[in-house]
>>> print(open('work_12.tsv').read())   # TSV, C-alpha atoms
chain	number	residue	atom	x	y	z
A	1	MET	CA	-212.27	-95.36	-171.79
A	2	LYS	CA	-214.04	-96.88	-174.79
A	3	LYS	CA	-211.16	-99.34	-175.24
A	4	ILE	CA	-211.37	-100.37	-171.59
A	5	LEU	CA	-215.13	-100.98	-171.81
A	6	MET	CA	-214.84	-102.98	-175.03
A	7	THR	CA	-211.97	-105.06	-173.67
A	8	GLY	CA	-213.87	-105.61	-170.42
A	9	SER	CA	-217.00	-106.73	-172.25
A	10	ALA	CA	-215.02	-109.23	-174.31
A	11	LEU	CA	-213.22	-110.60	-171.26
A	12	LEU	CA	-216.46	-110.86	-169.28
A	13	THR	CA	-218.11	-112.80	-172.11
A	14	LEU	CA	-215.17	-115.21	-172.24
A	15	PHE	CA	-215.10	-115.45	-168.46
A	16	LEU	CA	-218.81	-116.29	-168.12
A	17	ALA	CA	-218.84	-118.67	-171.08
A	18	THR	CA	-216.28	-120.96	-169.42
A	19	SER	CA	-217.84	-123.57	-167.18
A	20	ALA	CA	-216.26	-124.95	-164.04
A	21	THR	CA	-217.39	-127.40	-161.43
A	22	ALA	CA	-214.77	-126.65	-158.80
A	23	ALA	CA	-215.67	-125.29	-155.39
A	24	PRO	CA	-213.24	-122.59	-154.27
A	25	ASP	CA	-211.20	-122.80	-151.10
A	26	ILE	CA	-212.63	-119.76	-149.33
A	27	GLN	CA	-210.34	-119.28	-146.33
A	28	GLY	CA	-206.62	-118.65	-146.19
A	29	TYR	CA	-203.84	-116.94	-148.09
A	30	TYR	CA	-203.79	-116.45	-151.86
A	31	ILE	CA	-201.36	-115.04	-154.39
A	32	GLY	CA	-201.91	-114.18	-158.03
A	33	ALA	CA	-200.70	-112.52	-161.21
A	34	MET	CA	-202.61	-110.13	-163.44
A	35	GLY	CA	-202.36	-108.53	-166.84
A	36	GLY	CA	-204.61	-106.02	-168.48
A	37	TYR	CA	-205.11	-102.49	-169.58
A	38	GLY	CA	-204.33	-99.34	-167.56
A	39	GLU	CA	-205.48	-95.78	-168.17
A	40	LEU	CA	-204.13	-92.59	-166.58
A	41	GLU	CA	-206.11	-89.35	-166.54
A	42	ALA	CA	-204.21	-86.37	-165.14
A	43	ASN	CA	-205.18	-82.82	-166.13
A	44	GLU	CA	-205.19	-82.85	-169.95
A	45	PHE	CA	-203.31	-86.17	-170.14
A	46	ASN	CA	-205.53	-89.19	-170.90
A	47	GLU	CA	-203.70	-92.23	-172.26
A	48	SER	CA	-203.80	-95.99	-171.84
A	49	ALA	CA	-201.40	-98.93	-172.16
A	50	ALA	CA	-200.89	-102.53	-171.15
A	51	SER	CA	-200.60	-103.21	-167.41
A	52	TYR	CA	-199.24	-106.11	-165.38
A	53	GLY	CA	-198.69	-106.95	-161.75
A	54	GLY	CA	-199.68	-109.17	-158.89
A	55	TYR	CA	-201.90	-109.45	-155.87
A	56	ALA	CA	-201.93	-111.28	-152.56
A	57	GLY	CA	-204.35	-111.47	-149.72
A	58	TYR	CA	-206.00	-113.37	-146.92
A	59	SER	CA	-209.61	-114.56	-146.99
A	60	PHE	CA	-211.15	-114.61	-143.52
A	61	GLY	CA	-214.01	-116.74	-144.83
A	62	LYS	CA	-216.65	-116.57	-147.49
A	63	ASP	CA	-217.44	-112.85	-147.25
A	64	LEU	CA	-214.33	-110.86	-146.30
A	65	ALA	CA	-210.70	-110.63	-147.39
A	66	ILE	CA	-207.85	-108.16	-147.15
A	67	GLU	CA	-205.85	-107.72	-150.34
A	68	SER	CA	-202.76	-105.92	-151.56
A	69	THR	CA	-202.03	-105.31	-155.23
A	70	PHE	CA	-199.10	-104.01	-157.23
A	71	PHE	CA	-199.27	-103.06	-160.87
A	72	THR	CA	-197.37	-101.02	-163.40
A	73	THR	CA	-198.19	-99.82	-166.88
A	74	ALA	CA	-196.22	-99.90	-170.08
A	75	ASN	CA	-195.41	-96.53	-171.65
A	76	LEU	CA	-198.58	-94.41	-171.63
A	77	ALA	CA	-197.34	-91.67	-173.97
A	78	ASP	CA	-197.25	-91.53	-177.74
A	79	GLU	CA	-194.16	-89.35	-177.45
A	80	GLY	CA	-191.84	-89.51	-174.45
A	81	ASP	CA	-191.92	-91.93	-171.57
A	82	VAL	CA	-194.79	-91.92	-169.06
A	83	LYS	CA	-195.36	-94.90	-166.74
A	84	ALA	CA	-197.56	-95.36	-163.70
A	85	ARG	CA	-197.15	-97.73	-160.75
A	86	ALA	CA	-199.44	-98.41	-157.83
A	87	VAL	CA	-199.47	-100.37	-154.58
A	88	THR	CA	-202.79	-100.85	-152.79
A	89	LEU	CA	-204.23	-102.27	-149.59
A	90	ALA	CA	-207.96	-102.85	-149.51
A	91	ALA	CA	-210.81	-104.63	-147.78
A	92	LYS	CA	-212.53	-106.98	-150.24
A	93	LEU	CA	-216.16	-108.07	-149.82
A	94	ASN	CA	-217.29	-111.18	-151.70
A	95	HIS	CA	-220.70	-112.45	-152.77
A	96	PHE	CA	-220.99	-116.05	-153.97
A	97	PHE	CA	-223.61	-116.90	-156.60
A	98	SER	CA	-222.60	-120.57	-156.46
A	99	PRO	CA	-219.58	-122.51	-155.21
A	100	THR	CA	-217.87	-121.66	-158.52
A	101	TYR	CA	-218.87	-118.05	-159.27
A	102	SER	CA	-218.56	-114.96	-157.10
A	103	MET	CA	-218.24	-111.21	-157.40
A	104	PHE	CA	-216.32	-108.77	-155.24
A	105	ILE	CA	-216.06	-105.12	-154.37
A	106	LYS	CA	-213.12	-103.51	-152.62
A	107	ILE	CA	-212.11	-100.21	-151.12
A	108	GLY	CA	-208.89	-99.09	-149.52
A	109	VAL	CA	-205.76	-96.95	-149.77
A	110	ALA	CA	-203.27	-96.69	-152.62
A	111	SER	CA	-199.84	-95.25	-153.29
A	112	THR	CA	-199.25	-94.13	-156.87
A	113	ASP	CA	-196.05	-93.09	-158.65
A	114	VAL	CA	-195.96	-91.61	-162.14
A	115	SER	CA	-192.72	-91.01	-164.00
A	116	ALA	CA	-192.88	-88.65	-166.96
A	117	GLY	CA	-189.44	-88.27	-168.45
A	118	ILE	CA	-187.35	-86.47	-165.83
A	119	ASP	CA	-190.42	-85.54	-163.75
A	120	ASP	CA	-191.70	-87.79	-160.99
A	121	TYR	CA	-195.04	-87.51	-159.23
A	122	SER	CA	-196.35	-89.50	-156.27
A	123	ALA	CA	-199.31	-89.54	-153.92
A	124	THR	CA	-201.39	-91.56	-151.53
A	125	GLY	CA	-205.08	-91.79	-152.28
A	126	TRP	CA	-208.08	-94.09	-152.47
A	127	ILE	CA	-208.84	-97.22	-154.43
A	128	TRP	CA	-212.16	-98.81	-155.24
A	129	GLY	CA	-212.75	-101.83	-157.40
A	130	ALA	CA	-215.09	-104.61	-158.43
A	131	GLY	CA	-214.90	-107.86	-160.31
A	132	PHE	CA	-215.92	-111.43	-160.92
A	133	ASN	CA	-214.17	-114.58	-159.73
A	134	MET	CA	-214.43	-118.14	-161.03
A	135	ALA	CA	-212.97	-121.28	-159.44
A	136	ILE	CA	-211.20	-123.51	-161.94
A	137	THR	CA	-210.07	-126.07	-159.35
A	138	ASP	CA	-210.29	-126.26	-155.57
A	139	ASN	CA	-207.28	-123.93	-155.29
A	140	VAL	CA	-207.00	-122.06	-158.61
A	141	ASN	CA	-209.25	-119.11	-159.46
A	142	VAL	CA	-209.44	-116.67	-162.34
A	143	ARG	CA	-210.80	-113.18	-161.99
A	144	LEU	CA	-211.82	-110.24	-164.10
A	145	GLY	CA	-211.34	-107.02	-162.16
A	146	TYR	CA	-211.58	-103.27	-162.53
A	147	GLU	CA	-209.92	-100.84	-160.13
A	148	VAL	CA	-209.76	-97.05	-159.95
A	149	ILE	CA	-207.20	-95.12	-157.91
A	150	LEU	CA	-207.94	-91.47	-157.12
A	151	THR	CA	-205.02	-89.27	-156.01
A	152	ASP	CA	-203.64	-85.75	-156.07
A	153	LEU	CA	-200.18	-86.37	-157.54
A	154	GLU	CA	-197.42	-84.14	-156.15
A	155	HIS	CA	-194.29	-83.28	-158.14
A	156	ASP	CA	-191.12	-84.49	-156.43
A	157	THR	CA	-189.30	-81.12	-156.58
A	158	SER	CA	-191.97	-78.43	-157.02
A	159	ASP	CA	-195.36	-77.51	-155.59
A	160	ASP	CA	-197.28	-78.86	-158.60
A	161	ILE	CA	-200.33	-80.93	-157.64
A	162	ILE	CA	-202.25	-82.85	-160.31
A	163	ASP	CA	-205.65	-84.44	-159.80
A	164	SER	CA	-205.40	-87.96	-161.24
A	165	GLU	CA	-207.35	-91.13	-161.87
A	166	LEU	CA	-205.52	-94.37	-162.61
A	167	ALA	CA	-207.81	-97.18	-163.81
A	168	ASN	CA	-206.87	-100.81	-164.37
A	169	LEU	CA	-208.95	-103.48	-166.12
A	170	TYR	CA	-207.30	-106.87	-165.71
A	171	LEU	CA	-207.57	-110.63	-165.95
A	172	GLY	CA	-205.91	-112.45	-163.08
A	173	ILE	CA	-205.20	-115.97	-161.93
A	174	ASN	CA	-204.46	-116.89	-158.34
A	175	TYR	CA	-203.63	-119.84	-156.13
A	176	GLN	CA	-205.43	-120.20	-152.79
A	177	PHE	CA	-203.30	-121.95	-150.13
>>> encode(input="work_12.tsv", output="structure tokens")
Amino acid sequence: MKKILMTGSALLTLFLATSATAAPDIQGYYIGAMGGYGELEANEFNESAASYGGYAGYSFGKDLAIESTFFTTANLADEGDVKARAVTLAAKLNHFFSPTYSMFIKIGVASTDVSAGIDDYSATGWIWGAGFNMAITDNVNVRLGYEVILTDLEHDTSDDIIDSELANLYLGINYQF
């Protein structure tokens, strides 16, 4: 968690230090790519690794969008092979500070899969997230986001259920059509 906070602070400083004069296109479809840092907490397991993925959505106007994300992590384990994947669908509320800078919060549903060697776990749960957005041009935006997915992972062949939290801190870039 400390690594995520330190990385987030550094990215936020870089993000806010960059100036832009572009006004974002605030209605329509958008698609983007993201890379960052994911952390999985499940029972006694608490590890982190690089993450990458994409997102797409539709902005209904200045305040509301619907967004879907997909991301996966690199190997989360020091020994063995543990990877997490998630697909989400969320309502995203925006607040604009200026035509260039905005922040968002989102809440929705998520599907998570975790593979741990020969064991596979999956579940549907909740996602919440927040972040900052900056317009670079009329159609290109960068964002710094943080998302948390809460699920009760179920083993694919047994009755094991594991309470889990999958967090993702990321930097993204998207194109607004």
>>> residues_around(input="work_12.tsv", residues="Val87 (chain A)", least_positions_apart="5", cutoff="6 Å", atoms="only C-alpha atoms", output="JSON list (two decimals) with C-alpha atoms, in the coordinates of the input")
[["chain", "number", "residue", "atom", "x", "y", "z"],
["A", 69, "THR", "CA", -202.03, -105.31, -155.23],
["A", 70, "PHE", "CA", -199.10, -104.01, -157.23],
["A", 110, "ALA", "CA", -203.27, -96.69, -152.62],
["A", 111, "SER", "CA", -199.84, -95.25, -153.29]]
>>> closest_residue(input="work_12.tsv", among="A:Asp81, A:Asp156, A:Glu165, A:Glu67", to="Ala42 (chain A)", atoms="all atoms listed in the file")
A:Glu165
>>> closest_atom_pairs(input="work_12.tsv", of="region 76-114 of chain A", to="region 144-153 of chain A", cutoff="9 Å", atoms="all atoms listed in the file", output="tab-separated table")
residue	atom	partner	partner_atom	distance
A:Ala86	CA	A:Ile149	CA	8.4
A:Thr88	CA	A:Ile149	CA	8.9
A:Phe104	CA	A:Gly145	CA	8.7
A:Lys106	CA	A:Glu147	CA	8.6
A:Val109	CA	A:Ile149	CA	8.5
A:Ala110	CA	A:Ile149	CA	6.8
A:Ser111	CA	A:Thr151	CA	8.4
A:Thr112	CA	A:Thr151	CA	7.6
A:Asp113	CA	A:Leu153	CA	8.0
A:Val114	CA	A:Leu153	CA	8.2
>>> atom_distance(input="work_12.tsv", atom1="CA of Ala91 (chain A)", atom2="CA of Leu64 (chain A)")
7.3 Å
>>> residues_around(input="work_12.tsv", residues="Val82 (chain A)", least_positions_apart="3", cutoff="6 Å", atoms="only C-alpha atoms", output="PyMOL selection string")
chain A and resi 75-77+115-116
>>> closest_residue(input="work_12.tsv", among="A:Ile162, A:Asn133, A:Pro99, A:Ile173", to="Phe45 (chain A)", atoms="only C-alpha atoms")
A:Ile162
>>> residues_near_point(input="work_12.tsv", point="(-216.8, -115.3, -159.6)", cutoff="9 Å", atoms="only C-alpha atoms", output="ChimeraX atom specification")
/A:16,94-104,131-135,141-144
>>> atom_distance(input="work_12.tsv", atom1="CA of His155 (chain A)", atom2="CA of Asp119 (chain A)")
7.2 Å
>>> residues_around(input="work_12.tsv", residues="Gly53 (chain A)", least_positions_apart="2", cutoff="10 Å", atoms="only C-alpha atoms", output="VMD selection string")
chain A and resid 32 to 36 51 55 69 to 73 85 to 87 170 172
>>> axis_aligned_box(input="work_12.tsv", around="region 117-134 of chain A", padding_each_side="6 Å", output="AutoDock Vina command-line options")
--center_x -201.6 --center_y -101.8 --center_z -160.0 --size_x 40.6 --size_y 44.6 --size_z 28.9
>>> build_atoms(input="work_12.tsv", residues="region 56-75 of chain A", atoms="N, CA and C atoms", output="tab-separated table (two decimals), keeping the file's coordinate frame")
chain	number	residue	atom	x	y	z
A	56	ALA	N	-201.99	-110.29	-153.63
A	56	ALA	CA	-201.93	-111.28	-152.56
A	56	ALA	C	-202.90	-110.85	-151.48
A	57	GLY	N	-203.41	-111.82	-150.77
A	57	GLY	CA	-204.35	-111.47	-149.72
A	57	GLY	C	-204.63	-112.62	-148.78
A	58	TYR	N	-205.55	-112.36	-147.87
A	58	TYR	CA	-206.00	-113.37	-146.92
A	58	TYR	C	-207.52	-113.30	-146.85
A	59	SER	N	-208.16	-114.45	-147.11
A	59	SER	CA	-209.61	-114.56	-146.99
A	59	SER	C	-209.95	-115.03	-145.58
A	60	PHE	N	-210.75	-114.25	-144.88
A	60	PHE	CA	-211.15	-114.61	-143.52
A	60	PHE	C	-212.32	-115.59	-143.53
A	61	GLY	N	-212.85	-115.87	-144.66
A	61	GLY	CA	-214.01	-116.74	-144.83
A	61	GLY	C	-214.67	-116.40	-146.14
A	62	LYS	N	-215.92	-116.73	-146.23
A	62	LYS	CA	-216.65	-116.57	-147.49
A	62	LYS	C	-216.84	-115.11	-147.89
A	63	ASP	N	-217.01	-114.21	-146.93
A	63	ASP	CA	-217.44	-112.85	-147.25
A	63	ASP	C	-216.37	-111.77	-147.24
A	64	LEU	N	-215.27	-111.95	-146.52
A	64	LEU	CA	-214.33	-110.86	-146.30
A	64	LEU	C	-212.89	-111.29	-146.53
A	65	ALA	N	-212.13	-110.42	-147.19
A	65	ALA	CA	-210.70	-110.63	-147.39
A	65	ALA	C	-209.99	-109.29	-147.29
A	66	ILE	N	-208.70	-109.34	-147.06
A	66	ILE	CA	-207.85	-108.16	-147.15
A	66	ILE	C	-206.86	-108.46	-148.27
A	67	GLU	N	-206.64	-107.46	-149.14
A	67	GLU	CA	-205.85	-107.72	-150.34
A	67	GLU	C	-204.92	-106.56	-150.65
A	68	SER	N	-203.73	-106.91	-151.10
A	68	SER	CA	-202.76	-105.92	-151.56
A	68	SER	C	-202.46	-106.19	-153.03
A	69	THR	N	-202.37	-105.14	-153.82
A	69	THR	CA	-202.03	-105.31	-155.23
A	69	THR	C	-200.84	-104.42	-155.58
A	70	PHE	N	-200.15	-104.82	-156.61
A	70	PHE	CA	-199.10	-104.01	-157.23
A	70	PHE	C	-199.29	-104.12	-158.73
A	71	PHE	N	-199.28	-103.00	-159.41
A	71	PHE	CA	-199.27	-103.06	-160.87
A	71	PHE	C	-198.53	-101.87	-161.44
A	72	THR	N	-198.07	-102.06	-162.66
A	72	THR	CA	-197.37	-101.02	-163.40
A	72	THR	C	-197.89	-101.02	-164.83
A	73	THR	N	-197.76	-99.90	-165.48
A	73	THR	CA	-198.19	-99.82	-166.88
A	73	THR	C	-196.98	-99.79	-167.79
A	74	ALA	N	-197.21	-100.15	-169.03
A	74	ALA	CA	-196.22	-99.90	-170.08
A	74	ALA	C	-196.24	-98.40	-170.36
A	75	ASN	N	-195.47	-97.96	-171.33
A	75	ASN	CA	-195.41	-96.53	-171.65
A	75	ASN	C	-196.79	-96.02	-172.07
